[in-house]
>>> print(open('final_39.cif').read())   # mmCIF, C-alpha atoms
data_final
#
loop_
_atom_site.label_atom_id
_atom_site.label_comp_id
_atom_site.auth_asym_id
_atom_site.auth_seq_id
_atom_site.Cartn_x
_atom_site.Cartn_y
_atom_site.Cartn_z
CA MET A 134 70.03 -31.63 -46.47
CA THR A 135 70.12 -29.63 -43.28
CA ALA A 136 70.93 -25.98 -43.92
CA ILE A 137 73.92 -24.45 -42.17
CA ALA A 138 74.60 -20.89 -41.18
CA SER A 139 75.34 -18.50 -44.03
CA LYS A 140 78.99 -17.81 -44.59
CA SER A 141 80.47 -14.99 -42.54
CA PRO A 142 83.97 -13.50 -42.88
CA ARG A 143 86.62 -16.08 -42.05
CA ILE A 144 89.15 -14.22 -39.94
CA VAL A 145 88.11 -11.19 -37.90
CA THR A 146 91.05 -11.02 -35.46
CA ALA A 147 94.73 -11.83 -35.76
CA LEU A 148 95.37 -15.50 -34.95
CA PRO A 149 95.48 -16.53 -32.24
CA GLY A 150 93.17 -13.87 -30.85
CA PRO A 151 93.35 -12.55 -27.26
CA LYS A 152 90.68 -14.90 -25.89
CA ALA A 153 92.35 -17.91 -27.52
CA LYS A 154 95.74 -16.91 -26.11
CA ALA A 155 94.24 -16.60 -22.64
CA LEU A 156 92.50 -19.97 -22.82
CA ILE A 157 95.63 -21.70 -24.12
CA ALA A 158 97.68 -20.15 -21.30
CA ARG A 159 95.25 -21.56 -18.73
CA ASP A 160 95.33 -24.95 -20.45
CA ASP A 161 99.13 -25.01 -20.21
CA GLN A 162 98.86 -25.03 -16.43
CA VAL A 163 96.35 -27.84 -15.93
CA ILE A 164 96.08 -30.13 -19.01
CA SER A 165 98.58 -32.80 -20.09
CA PRO A 166 100.98 -31.63 -22.81
CA SER A 167 100.78 -35.05 -24.52
CA SER A 168 98.05 -34.06 -26.99
CA PRO A 169 99.50 -33.52 -30.50
CA ARG A 170 98.18 -30.01 -31.15
CA ASP A 171 99.37 -28.42 -34.38
CA TYR A 172 98.00 -24.87 -34.26
CA PRO A 173 96.26 -22.57 -31.74
CA PHE A 174 92.57 -23.21 -32.40
CA ALA A 175 90.31 -22.66 -29.35
CA MET A 176 86.76 -23.63 -30.26
CA SER A 177 83.64 -21.77 -29.24
CA HIS A 178 80.91 -23.51 -31.27
CA GLY A 179 80.16 -25.24 -34.55
CA ARG A 180 77.32 -25.73 -37.01
CA GLY A 181 77.49 -28.16 -39.90
CA ALA A 182 80.96 -27.94 -41.46
CA GLU A 183 81.78 -24.56 -39.89
CA VAL A 184 83.37 -23.82 -36.52
CA TRP A 185 84.10 -20.58 -34.68
CA ASP A 186 86.87 -19.87 -32.22
CA VAL A 187 86.47 -17.94 -28.98
CA ASP A 188 87.44 -14.71 -30.75
CA GLY A 189 84.74 -15.02 -33.43
CA ASN A 190 86.90 -16.30 -36.30
CA ARG A 191 85.13 -18.72 -38.66
CA PHE A 192 86.82 -21.83 -40.02
CA LEU A 193 85.85 -24.49 -42.50
CA ASP A 194 86.28 -27.76 -40.61
CA PHE A 195 87.82 -30.40 -42.85
CA ALA A 196 89.31 -32.27 -39.90
CA GLY A 197 85.94 -33.16 -38.40
CA GLY A 198 87.29 -33.98 -34.96
CA ILE A 199 89.50 -36.63 -36.63
CA ALA A 200 86.70 -38.07 -38.79
CA VAL A 201 84.28 -38.06 -35.84
CA CYS A 202 81.73 -35.36 -36.75
CA SER A 203 80.07 -37.44 -39.43
CA THR A 204 76.77 -35.55 -39.43
CA GLY A 205 78.35 -32.13 -38.87
CA HIS A 206 78.55 -30.06 -35.74
CA ALA A 207 75.39 -29.95 -33.60
CA HIS A 208 73.09 -31.66 -36.07
CA PRO A 209 69.54 -30.96 -34.81
CA ALA A 210 68.44 -34.60 -35.00
CA VAL A 211 71.47 -35.80 -33.04
CA VAL A 212 71.13 -33.02 -30.47
CA GLN A 213 67.45 -33.86 -29.97
CA ALA A 214 68.22 -37.56 -29.57
CA ILE A 215 70.82 -36.71 -26.89
CA LYS A 216 68.36 -34.45 -25.05
CA ASP A 217 65.60 -37.04 -25.15
CA ALA A 218 67.91 -39.73 -23.77
CA ALA A 219 69.21 -37.44 -21.02
CA ASP A 220 65.63 -36.71 -19.98
CA ASP A 221 65.07 -40.43 -19.40
CA PHE A 222 68.33 -41.33 -17.60
CA ILE A 223 72.00 -40.52 -18.05
CA HIS A 224 73.65 -43.78 -17.07
CA ILE A 225 73.06 -47.40 -16.26
CA SER A 226 75.92 -49.90 -16.16
CA ASN A 227 75.94 -52.78 -18.59
CA ASP A 228 74.87 -55.12 -15.79
CA TYR A 229 71.33 -54.27 -16.93
CA TRP A 230 69.26 -53.78 -20.07
CA HIS A 231 67.88 -50.73 -21.81
CA GLU A 232 66.06 -50.06 -25.06
CA ARG A 233 68.61 -47.89 -26.84
CA GLN A 234 71.50 -50.35 -26.47
CA VAL A 235 69.37 -53.26 -27.68
CA ARG A 236 68.10 -51.19 -30.60
CA LEU A 237 71.66 -50.26 -31.56
CA GLY A 238 72.60 -53.93 -31.77
CA GLU A 239 69.54 -54.56 -33.92
CA ARG A 240 70.38 -51.59 -36.11
CA ILE A 241 73.90 -52.86 -36.76
CA ASN A 242 72.45 -56.22 -37.80
CA GLU A 243 70.16 -54.46 -40.27
CA LEU A 244 73.24 -52.90 -41.91
CA LYS A 245 74.71 -56.40 -42.54
CA PRO A 246 78.41 -55.75 -41.79
CA MET A 247 79.07 -59.51 -42.18
CA GLY A 248 76.71 -60.02 -45.11
CA ASN A 249 73.78 -62.24 -44.25
CA GLU A 250 75.47 -63.70 -41.18
CA PRO A 251 74.00 -62.39 -37.89
CA VAL A 252 76.26 -60.36 -35.61
CA MET A 253 76.42 -59.41 -31.95
CA CYS A 254 77.85 -56.19 -30.52
CA PHE A 255 79.88 -55.25 -27.48
CA THR A 256 79.50 -51.57 -26.65
CA ALA A 257 82.55 -49.56 -25.64
CA GLN A 258 83.58 -45.90 -25.46
CA SER A 259 86.30 -45.50 -28.07
CA GLY A 260 88.17 -47.02 -30.96
CA THR A 261 91.10 -48.20 -28.90
CA GLU A 262 88.78 -49.91 -26.42
CA SER A 263 86.94 -51.60 -29.28
CA VAL A 264 90.25 -52.88 -30.64
CA GLU A 265 91.20 -54.23 -27.21
CA GLY A 266 87.91 -56.09 -27.07
CA ALA A 267 88.38 -57.50 -30.57
CA LEU A 268 91.83 -58.84 -29.68
CA LYS A 269 90.57 -60.44 -26.49
CA LEU A 270 87.65 -62.01 -28.34
CA ALA A 271 89.92 -63.38 -31.07
CA ARG A 272 92.12 -65.09 -28.48
CA THR A 273 89.09 -66.50 -26.69
CA PHE A 274 87.55 -67.94 -29.86
CA THR A 275 90.68 -69.38 -31.47
CA GLY A 276 92.75 -70.33 -28.45
CA ARG A 277 95.70 -68.84 -30.33
CA GLN A 278 98.02 -66.07 -29.14
CA ARG A 279 99.73 -64.43 -32.13
CA PHE A 280 98.53 -61.62 -34.39
CA ILE A 281 99.52 -59.92 -37.63
CA GLY A 282 99.19 -56.17 -38.16
CA PHE A 283 100.34 -53.72 -40.81
CA LEU A 284 103.03 -51.07 -40.95
CA GLY A 285 101.38 -47.68 -41.11
CA GLY A 286 98.35 -48.90 -39.19
CA PHE A 287 96.85 -46.99 -36.28
CA HIS A 288 94.63 -48.86 -33.84
CA GLY A 289 94.91 -46.92 -30.59
CA ARG A 290 97.18 -46.04 -27.70
CA SER A 291 96.36 -48.53 -24.94
CA MET A 292 98.80 -51.38 -24.55
CA GLY A 293 97.12 -54.01 -26.73
CA SER A 294 96.02 -51.66 -29.49
CA LEU A 295 99.36 -49.84 -29.25
CA ALA A 296 101.14 -53.10 -30.07
CA PHE A 297 99.46 -52.89 -33.50
CA THR A 298 99.91 -49.15 -34.03
CA ALA A 299 102.77 -48.57 -36.46
CA SER A 300 101.99 -45.25 -38.14
CA LYS A 301 104.81 -43.57 -36.22
CA TYR A 302 106.95 -44.51 -33.26
CA THR A 303 106.01 -41.45 -31.19
CA GLN A 304 103.26 -43.28 -29.30
CA GLN A 305 105.61 -46.10 -28.28
CA THR A 306 108.69 -44.10 -27.37
CA GLY A 307 109.88 -44.92 -23.87
CA ILE A 308 107.17 -47.42 -22.91
CA PHE A 309 108.31 -50.72 -24.44
CA PRO A 310 107.23 -53.52 -24.14
CA THR A 311 103.63 -53.48 -25.28
CA MET A 312 101.54 -56.62 -25.79
CA PRO A 313 103.77 -59.36 -27.22
CA GLY A 314 102.97 -61.55 -30.20
CA VAL A 315 102.24 -58.97 -32.91
CA THR A 316 104.13 -59.16 -36.22
CA HIS A 317 103.86 -56.30 -38.72
CA VAL A 318 103.92 -56.59 -42.49
CA PRO A 319 103.83 -53.80 -45.12
CA PHE A 320 100.48 -52.37 -46.21
CA PRO A 321 100.27 -52.29 -50.02
CA ASN A 322 101.20 -48.80 -51.21
CA THR A 323 100.89 -48.31 -54.96
CA PHE A 324 102.38 -44.81 -54.82
CA ARG A 325 105.48 -45.87 -52.86
CA PRO A 326 105.83 -49.60 -53.55
CA LEU A 327 108.07 -51.68 -51.30
CA PHE A 328 107.97 -54.87 -53.33
CA ALA A 329 108.84 -55.63 -56.93
CA GLY A 330 105.97 -56.00 -59.34
CA ALA A 331 102.92 -54.00 -60.31
CA ASP A 332 100.46 -55.69 -57.90
CA GLN A 333 101.52 -54.61 -54.42
CA GLY A 334 98.53 -56.34 -52.84
CA LYS A 335 99.51 -59.71 -54.25
CA ALA A 336 103.12 -59.09 -53.23
CA VAL A 337 102.12 -58.49 -49.60
CA LEU A 338 99.97 -61.61 -49.57
CA ASP A 339 102.84 -63.65 -51.05
CA TYR A 340 105.15 -62.27 -48.37
CA ILE A 341 102.81 -63.37 -45.58
CA GLU A 342 102.19 -66.81 -47.05
CA ASN A 343 105.61 -67.71 -48.41
CA ILE A 344 108.04 -65.80 -46.22
CA LEU A 345 106.44 -64.97 -42.87
CA PHE A 346 104.56 -68.24 -42.42
CA VAL A 347 107.54 -70.27 -43.62
CA ASN A 348 110.37 -68.58 -41.74
CA ASN A 349 109.05 -66.73 -38.70
CA VAL A 350 105.40 -67.07 -37.65
CA PRO A 351 103.57 -70.43 -37.53
CA ALA A 352 100.22 -69.81 -39.20
CA LYS A 353 98.51 -72.26 -36.82
CA GLU A 354 99.41 -69.96 -33.90
CA VAL A 355 97.91 -66.79 -35.43
CA ALA A 356 94.57 -65.81 -33.89
CA ALA A 357 93.80 -62.93 -36.24
CA ILE A 358 95.01 -60.51 -38.85
CA MET A 359 93.87 -56.94 -38.18
CA VAL A 360 93.78 -54.38 -40.98
CA GLU A 361 92.16 -51.06 -41.85
CA PRO A 362 90.30 -51.54 -45.16
CA ILE A 363 91.50 -48.03 -46.02
CA GLN A 364 94.55 -47.13 -43.98
CA GLY A 365 94.12 -43.91 -42.02
CA GLU A 366 97.06 -42.49 -40.06
CA GLY A 367 99.48 -44.30 -42.36
CA GLY A 368 98.61 -41.99 -45.24
CA TYR A 369 94.99 -42.50 -46.36
CA LEU A 370 96.06 -45.44 -48.48
CA VAL A 371 93.46 -47.24 -50.59
CA PRO A 372 94.52 -50.86 -51.14
CA PRO A 373 94.60 -52.27 -54.66
CA ASP A 374 91.66 -54.36 -55.82
CA GLY A 375 92.07 -57.98 -54.83
CA PHE A 376 94.07 -57.36 -51.66
CA LEU A 377 91.26 -57.65 -49.11
CA GLN A 378 89.78 -60.57 -51.03
CA GLY A 379 93.16 -62.28 -50.94
CA LEU A 380 93.53 -61.57 -47.23
CA ARG A 381 90.11 -63.14 -46.62
CA ALA A 382 91.14 -66.25 -48.55
CA LEU A 383 94.47 -66.49 -46.72
CA CYS A 384 92.73 -66.30 -43.35
CA ASP A 385 90.22 -68.96 -44.36
CA ARG A 386 93.00 -71.34 -45.45
CA HIS A 387 94.70 -71.15 -42.08
CA GLY A 388 91.77 -70.81 -39.69
CA ILE A 389 92.73 -67.22 -38.87
CA LEU A 390 90.15 -64.60 -37.98
CA LEU A 391 90.03 -61.43 -40.09
CA ILE A 392 89.47 -58.21 -38.12
CA PHE A 393 88.58 -55.04 -40.00
CA ASP A 394 89.32 -51.87 -38.05
CA GLU A 395 86.74 -49.48 -39.50
CA VAL A 396 87.07 -46.95 -36.69
CA GLN A 397 88.13 -44.20 -39.11
CA CYS A 398 86.98 -45.45 -42.51
CA GLY A 399 83.55 -46.76 -41.48
CA ILE A 400 80.08 -45.23 -40.95
CA GLY A 401 79.68 -43.78 -44.43
CA ARG A 402 83.01 -41.98 -44.68
CA SER A 403 84.11 -43.88 -47.79
CA GLY A 404 80.76 -43.46 -49.52
CA LYS A 405 79.52 -46.84 -48.27
CA MET A 406 78.44 -47.65 -44.74
CA PHE A 407 81.54 -49.81 -44.26
CA ALA A 408 84.65 -49.27 -46.38
CA SER A 409 85.12 -53.01 -46.86
CA GLN A 410 81.89 -53.05 -48.86
CA HIS A 411 83.78 -51.44 -51.76
CA TRP A 412 85.46 -54.82 -52.25
CA GLY A 413 82.62 -57.10 -51.16
CA VAL A 414 84.67 -58.61 -48.34
CA THR A 415 83.30 -59.37 -44.89
CA PRO A 416 85.41 -59.82 -41.76
CA ASP A 417 84.87 -62.03 -38.73
CA ILE A 418 85.16 -59.10 -36.34
CA MET A 419 84.81 -55.37 -37.00
CA THR A 420 85.64 -52.39 -34.80
CA LEU A 421 83.68 -49.14 -35.04
CA ALA A 422 83.89 -45.77 -33.26
CA LYS A 423 84.68 -42.19 -34.35
CA GLY A 424 81.84 -41.23 -36.74
CA LEU A 425 79.41 -43.66 -35.09
CA GLY A 426 78.23 -41.17 -32.47
CA SER A 427 78.68 -37.81 -34.24
CA GLY A 428 81.01 -36.75 -31.43
CA MET A 429 79.67 -38.75 -28.50
CA PRO A 430 82.18 -41.29 -27.14
CA ILE A 431 81.07 -44.70 -28.35
CA GLY A 432 82.73 -47.72 -29.89
CA LEU A 433 81.59 -51.18 -30.92
CA VAL A 434 83.10 -54.61 -31.25
CA VAL A 435 80.93 -56.25 -33.92
CA ALA A 436 81.44 -59.97 -34.42
CA LYS A 437 79.75 -62.90 -36.05
CA LYS A 438 77.27 -64.29 -33.53
CA LYS A 439 79.01 -67.67 -33.31
CA ILE A 440 82.23 -65.86 -32.33
CA MET A 441 80.76 -63.43 -29.82
CA GLU A 442 78.84 -66.22 -28.09
CA THR A 443 82.13 -67.76 -26.93
CA TRP A 444 82.32 -64.94 -24.37
CA LYS A 445 80.54 -66.18 -21.30
CA ARG A 446 79.08 -64.17 -18.40
CA GLY A 447 81.74 -61.90 -16.91
CA ALA A 448 84.32 -62.55 -19.64
CA HIS A 449 84.29 -58.90 -20.65
CA GLY A 450 82.53 -55.81 -19.36
CA ASN A 451 82.52 -52.04 -19.29
CA THR A 452 81.17 -49.52 -16.79
CA TYR A 453 80.22 -46.88 -19.36
CA GLY A 454 79.71 -49.07 -22.43
CA GLY A 455 76.22 -48.82 -23.85
CA ASN A 456 75.64 -45.42 -22.28
CA PRO A 457 72.08 -44.43 -23.25
CA ILE A 458 73.02 -40.95 -24.45
CA CYS A 459 75.80 -42.31 -26.65
CA CYS A 460 73.53 -45.05 -28.02
CA ALA A 461 70.89 -42.43 -28.82
CA ALA A 462 73.44 -40.36 -30.71
CA ALA A 463 74.61 -43.44 -32.61
CA LEU A 464 71.07 -44.39 -33.62
CA ALA A 465 70.36 -40.89 -34.91
CA THR A 466 73.72 -40.85 -36.72
CA LEU A 467 73.12 -44.18 -38.47
CA ASP A 468 69.72 -43.00 -39.69
CA LEU A 469 71.21 -39.80 -41.12
CA VAL A 470 74.21 -41.52 -42.69
CA GLU A 471 72.22 -44.35 -44.25
CA GLY A 472 69.39 -42.10 -45.37
CA GLU A 473 71.38 -39.25 -46.90
CA TYR A 474 74.97 -38.57 -45.94
CA MET A 475 76.57 -41.80 -47.15
CA ALA A 476 75.42 -41.04 -50.69
CA ASN A 477 76.45 -37.41 -50.25
CA ALA A 478 79.94 -38.53 -49.23
CA ALA A 479 80.23 -40.53 -52.44
CA THR A 480 78.96 -37.73 -54.69
CA VAL A 481 80.72 -34.78 -53.08
CA GLY A 482 83.83 -36.91 -52.52
CA ALA A 483 84.09 -37.61 -56.26
CA TYR A 484 83.69 -33.88 -56.95
CA PHE A 485 86.41 -33.11 -54.38
CA LEU A 486 88.82 -35.64 -55.89
CA ASP A 487 88.34 -34.08 -59.34
CA LYS A 488 89.05 -30.60 -57.94
CA LEU A 489 92.16 -31.82 -56.15
CA ARG A 490 93.47 -33.51 -59.31
CA THR A 491 92.97 -30.25 -61.18
CA LEU A 492 94.88 -28.45 -58.41
CA GLN A 493 97.61 -31.09 -58.77
CA THR A 494 98.28 -29.89 -62.32
CA LYS A 495 99.03 -26.44 -60.88
CA HIS A 496 101.19 -27.54 -57.95
CA ALA A 497 103.86 -30.12 -58.75
CA CYS A 498 104.39 -30.68 -55.01
CA ILE A 499 101.13 -32.68 -54.93
CA GLY A 500 102.53 -36.09 -55.73
CA ASP A 501 99.41 -38.17 -55.31
CA VAL A 502 95.67 -37.65 -54.84
CA ARG A 503 93.81 -40.62 -53.40
CA GLY A 504 90.79 -41.64 -51.39
CA ARG A 505 87.22 -42.90 -51.38
CA GLY A 506 84.19 -40.82 -50.49
CA LEU A 507 85.20 -38.12 -48.02
CA MET A 508 88.33 -39.90 -46.83
CA ILE A 509 90.84 -38.15 -49.08
CA GLY A 510 94.57 -37.47 -48.93
CA ILE A 511 97.09 -35.56 -51.01
CA GLU A 512 100.72 -36.58 -50.59
CA MET A 513 103.17 -33.71 -50.72
CA VAL A 514 106.51 -34.42 -52.38
CA ALA A 515 109.87 -32.74 -52.85
CA PRO A 516 111.20 -32.11 -56.38
CA ASP A 517 112.98 -35.49 -56.24
CA GLY A 518 109.77 -37.25 -55.24
CA ALA A 519 110.72 -37.77 -51.61
CA PRO A 520 108.13 -37.12 -48.89
CA ALA A 521 107.94 -33.39 -48.12
CA LYS A 522 107.03 -33.43 -44.42
CA LYS A 523 107.99 -29.84 -43.65
CA LEU A 524 105.99 -28.58 -46.62
CA CYS A 525 102.99 -30.67 -45.57
CA ASP A 526 103.11 -29.26 -42.03
CA THR A 527 103.49 -25.71 -43.32
CA ILE A 528 100.47 -26.11 -45.63
CA ILE A 529 98.34 -27.28 -42.72
CA THR A 530 99.48 -24.34 -40.59
CA ARG A 531 98.88 -21.84 -43.38
CA SER A 532 95.42 -23.35 -43.96
CA PHE A 533 94.56 -22.61 -40.34
CA TYR A 534 95.59 -18.98 -40.70
CA ASN A 535 93.53 -18.82 -43.91
CA GLY A 536 90.43 -20.25 -42.25
CA MET A 537 90.42 -24.06 -42.58
CA LEU A 538 91.16 -26.86 -40.11
CA LEU A 539 93.21 -29.75 -41.47
CA LEU A 540 95.41 -32.54 -40.15
CA ALA A 541 98.25 -34.61 -41.58
CA CYS A 542 98.83 -38.34 -41.81
CA GLY A 543 101.55 -40.63 -43.13
CA GLN A 544 104.92 -38.99 -43.75
CA SER A 545 103.68 -36.03 -45.76
CA THR A 546 99.98 -36.37 -46.54
CA VAL A 547 97.38 -33.67 -46.01
CA ARG A 548 94.13 -35.46 -45.19
CA PHE A 549 90.57 -34.31 -45.65
CA MET A 550 87.88 -35.83 -43.41
CA PRO A 551 85.09 -33.25 -43.28
CA PRO A 552 81.55 -33.91 -42.07
CA LEU A 553 79.68 -36.12 -44.50
CA MET A 554 77.04 -33.43 -45.05
CA ILE A 555 79.35 -30.95 -46.83
CA SER A 556 78.31 -29.42 -50.14
CA THR A 557 80.19 -28.75 -53.36
CA ASP A 558 80.24 -25.08 -52.28
CA ASP A 559 82.18 -26.15 -49.18
CA VAL A 560 84.61 -28.03 -51.41
CA ASP A 561 85.10 -24.99 -53.62
CA GLU A 562 85.90 -22.89 -50.54
CA ALA A 563 88.33 -25.54 -49.32
CA ILE A 564 90.12 -25.64 -52.68
CA GLU A 565 90.45 -21.86 -52.65
CA ILE A 566 92.02 -21.93 -49.18
CA LEU A 567 94.25 -24.89 -50.03
CA ASP A 568 95.51 -23.28 -53.24
CA LYS A 569 96.41 -20.11 -51.37
CA SER A 570 98.04 -22.04 -48.53
CA ILE A 571 100.22 -24.15 -50.84
CA THR A 572 101.42 -21.00 -52.59
CA GLU A 573 102.22 -19.36 -49.25
CA ALA A 574 103.98 -22.49 -47.97
CA HIS A 575 106.33 -22.45 -50.94
CA GLY A 576 107.25 -18.89 -50.07
CA ALA A 577 107.72 -19.57 -46.37
#
>>> encode(input="final_39.cif", output="structure tokens")
Amino acid sequence: MTAIASKSPRIVTALPGPKAKALIARDDQVISPSSPRDYPFAMSHGRGAEVWDVDGNRFLDFAGGIAVCSTGHAHPAVVQAIKDAADDFIHISNDYWHERQVRLGERINELKPMGNEPVMCFTAQSGTESVEGALKLARTFTGRQRFIGFLGGFHGRSMGSLAFTASKYTQQTGIFPTMPGVTHVPFPNTFRPLFAGADQGKAVLDYIENILFVNNVPAKEVAAIMVEPIQGEGGYLVPPDGFLQGLRALCDRHGILLIFDEVQCGIGRSGKMFASQHWGVTPDIMTLAKGLGSGMPIGLVVAKKKIMETWKRGAHGNTYGGNPICCAAALATLDLVEGEYMANAATVGAYFLDKLRTLQTKHACIGDVRGRGLMIGIEMVAPDGAPAKKLCDTIITRSFYNGMLLLACGQSTVRFMPPLMISTDDVDEAIEILDKSITEAHGA
């Protein structure tokens, strides 16, 4: 495993420091205020799972650029791949061919996202753009217009992907209508069940089949069902066993395509290359981005070859898609994740979950600990069991001031999505900071 810089003191100036304050003041004058920034972190540089701000303060990065920095900050192999590609050429539109884009498509096939069935890729620049392409492809292939998504899902902020996003209404406030034809159903949540019965996955499937398809949405008009195999922004929810298998069977019965959005949960984050592999279920279309390029902007629509081939010349395109530098970063990332970091995510993730469950016995406000690999969440609860959003937000803020970057998801879940190369020592440091931050948040 690649060594990272030795640990230095976490906080050397009061936060935010003078340089951070100055940079943030300049930002206020020229950058859109729409970005959801939670605390005043102004980055200078990063190595591995550590980042430094412009004032020299060191932080443990367990946000990972929102699950993007899969191989850690500035991994030497990724940096070298980027430099080599830039030396050759920086851009060519996708009207032409180049080695790195073709090799990326071959590499995805080698990873068998659809089992033994061959796939084709459309290269994009982001998760939301990949989702848009998947929706367009599903309509082209099926000739159908409707879709089903899940409450709590996050699929992007452009108008088609936004129609599926239902993790919070903030993104949609004031801009209705989005793309029509999307119906949302609950995502199975075993910690906060919405349906009667112990098997929430079966209950959701029964609802789709016996309520939605009977009373509201004709199954024969549904082009696709899109779902995150592990739900991200909705709370880092791991579905119960049998749910994805049941969803696959339901889609097959009705001629509906199954789209897995693996933008956040894919590329080794769950301890397998694709999160859906935990359940042995393959989709018809998959979307990838985030951790695929270790920080470079790249996304993929991956589809069964027979589906992608329905797109004819000019049906879909992209000026920057397949950028050689981004493809180079993705190729280096896939080699590192498959060769080492995917297994590390599984091993260190299991260690992290054990440590968090031990911490749960100390802090009753931790209502649930859940996750796979290094996609982990702890749901904060009030004494009556209700979501404790204010407490969650305060813990994340206190963690920043104690030297760790975190983000929230769901109503009151602290999520952990560090680089896949972290060590158990990094986990121990994170637990120390988290323990202190929870204690301070209770006293705030």
>>> atom_distance(input="final_39.cif", atom1="CA of Gly375 in chain A", atom2="CA of Pro362 in chain A")
11.8 Å
>>> atom_distance(input="final_39.cif", atom1="CA of Phe297 in chain A", atom2="CA of Phe280 in chain A")
8.8 Å
>>> residues_near_point(input="final_39.cif", point="(77.4, -37.6, -56.1)", cutoff="12 Å", atoms="only C-alpha atoms", output="PyMOL selection string")
chain A and resi 404+473-487+506-507+553-557
>>> residues_around(input="final_39.cif", residues="Trp412 in chain A", least_positions_apart="5", cutoff="8 Å", atoms="only C-alpha atoms", output="VMD selection string")
chain A and resid 374 to 375 377 to 378
>>> closest_residue(input="final_39.cif", among="A:Met550, A:Leu327, A:Ala563, A:Val355", to="Ser532 in chain A", atoms="all atoms listed in the file")
A:Ala563
>>> resolve_selection(input="final_39.cif", expression="the PyMOL selection byres ((chain A and resi 274-278) around 6)", output="PyMOL selection string")
chain A and resi 271-273+279+354-356
>>> residues_around(input="final_39.cif", residues="range 508-514 of chain A", least_positions_apart="5", cutoff="9 Å", atoms="all atoms listed in the file", output="PDB file with C-alpha atoms, in the coordinates of the input")
ATOM      1  CA  ALA A 200      86.700 -38.070 -38.790  1.00  0.00           C
ATOM      2  CA  ILE A 363      91.500 -48.030 -46.020  1.00  0.00           C
ATOM      3  CA  GLY A 365      94.120 -43.910 -42.020  1.00  0.00           C
ATOM      4  CA  GLY A 368      98.610 -41.990 -45.240  1.00  0.00           C
ATOM      5  CA  TYR A 369      94.990 -42.500 -46.360  1.00  0.00           C
ATOM      6  CA  LEU A 370      96.060 -45.440 -48.480  1.00  0.00           C
ATOM      7  CA  GLN A 397      88.130 -44.200 -39.110  1.00  0.00           C
ATOM      8  CA  CYS A 398      86.980 -45.450 -42.510  1.00  0.00           C
ATOM      9  CA  ARG A 402      83.010 -41.980 -44.680  1.00  0.00           C
ATOM     10  CA  SER A 403      84.110 -43.880 -47.790  1.00  0.00           C
ATOM     11  CA  GLY A 404      80.760 -43.460 -49.520  1.00  0.00           C
ATOM     12  CA  ALA A 478      79.940 -38.530 -49.230  1.00  0.00           C
ATOM     13  CA  GLY A 482      83.830 -36.910 -52.520  1.00  0.00           C
ATOM     14  CA  PHE A 485      86.410 -33.110 -54.380  1.00  0.00           C
ATOM     15  CA  LEU A 486      88.820 -35.640 -55.890  1.00  0.00           C
ATOM     16  CA  LEU A 489      92.160 -31.820 -56.150  1.00  0.00           C
ATOM     17  CA  GLN A 493      97.610 -31.090 -58.770  1.00  0.00           C
ATOM     18  CA  ALA A 497     103.860 -30.120 -58.750  1.00  0.00           C
ATOM     19  CA  CYS A 498     104.390 -30.680 -55.010  1.00  0.00           C
ATOM     20  CA  ILE A 499     101.130 -32.680 -54.930  1.00  0.00           C
ATOM     21  CA  GLY A 500     102.530 -36.090 -55.730  1.00  0.00           C
ATOM     22  CA  ASP A 501      99.410 -38.170 -55.310  1.00  0.00           C
ATOM     23  CA  VAL A 502      95.670 -37.650 -54.840  1.00  0.00           C
ATOM     24  CA  ARG A 503      93.810 -40.620 -53.400  1.00  0.00           C
ATOM     25  CA  ALA A 519     110.720 -37.770 -51.610  1.00  0.00           C
ATOM     26  CA  PRO A 520     108.130 -37.120 -48.890  1.00  0.00           C
ATOM     27  CA  ALA A 521     107.940 -33.390 -48.120  1.00  0.00           C
ATOM     28  CA  LYS A 522     107.030 -33.430 -44.420  1.00  0.00           C
ATOM     29  CA  LEU A 524     105.990 -28.580 -46.620  1.00  0.00           C
ATOM     30  CA  CYS A 525     102.990 -30.670 -45.570  1.00  0.00           C
ATOM     31  CA  ALA A 541      98.250 -34.610 -41.580  1.00  0.00           C
ATOM     32  CA  CYS A 542      98.830 -38.340 -41.810  1.00  0.00           C
ATOM     33  CA  GLY A 543     101.550 -40.630 -43.130  1.00  0.00           C
ATOM     34  CA  GLN A 544     104.920 -38.990 -43.750  1.00  0.00           C
ATOM     35  CA  SER A 545     103.680 -36.030 -45.760  1.00  0.00           C
ATOM     36  CA  THR A 546      99.980 -36.370 -46.540  1.00  0.00           C
ATOM     37  CA  VAL A 547      97.380 -33.670 -46.010  1.00  0.00           C
ATOM     38  CA  ARG A 548      94.130 -35.460 -45.190  1.00  0.00           C
ATOM     39  CA  PHE A 549      90.570 -34.310 -45.650  1.00  0.00           C
ATOM     40  CA  MET A 550      87.880 -35.830 -43.410  1.00  0.00           C
ATOM     41  CA  PRO A 551      85.090 -33.250 -43.280  1.00  0.00           C
TER      42      PRO A 551
END
>>> residues_around(input="final_39.cif", residues="Leu567 in chain A", least_positions_apart="4", cutoff="12 Å", atoms="all atoms listed in the file", output="NGL selection string")
:A and (193 or 195 or 488-489 or 492-493 or 495-496 or 499 or 511 or 525 or 527-539 or 547-549 or 560-563 or 571-574)
>>> atom_distance(input="final_39.cif", atom1="CA of Leu237 in chain A", atom2="CA of Met292 in chain A")
28.1 Å
>>> resolve_selection(input="final_39.cif", expression="the PyMOL selection byres ((chain A and resi 210) around 12)", output="PyMOL selection string")
chain A and resi 134-135+204-209+211-217+427+461-470
>>> residues_near_point(input="final_39.cif", point="(77.4, -49.9, -17.9)", cutoff="10 Å", atoms="all atoms listed in the file", output="list of chain:residue names")
A:His224, A:Ile225, A:Ser226, A:Asn227, A:Asp228, A:Tyr229, A:Trp230, A:Thr256, A:Ala257, A:Gly450, A:Asn451, A:Thr452, A:Tyr453, A:Gly454, A:Gly455, A:Asn456, A:Pro457
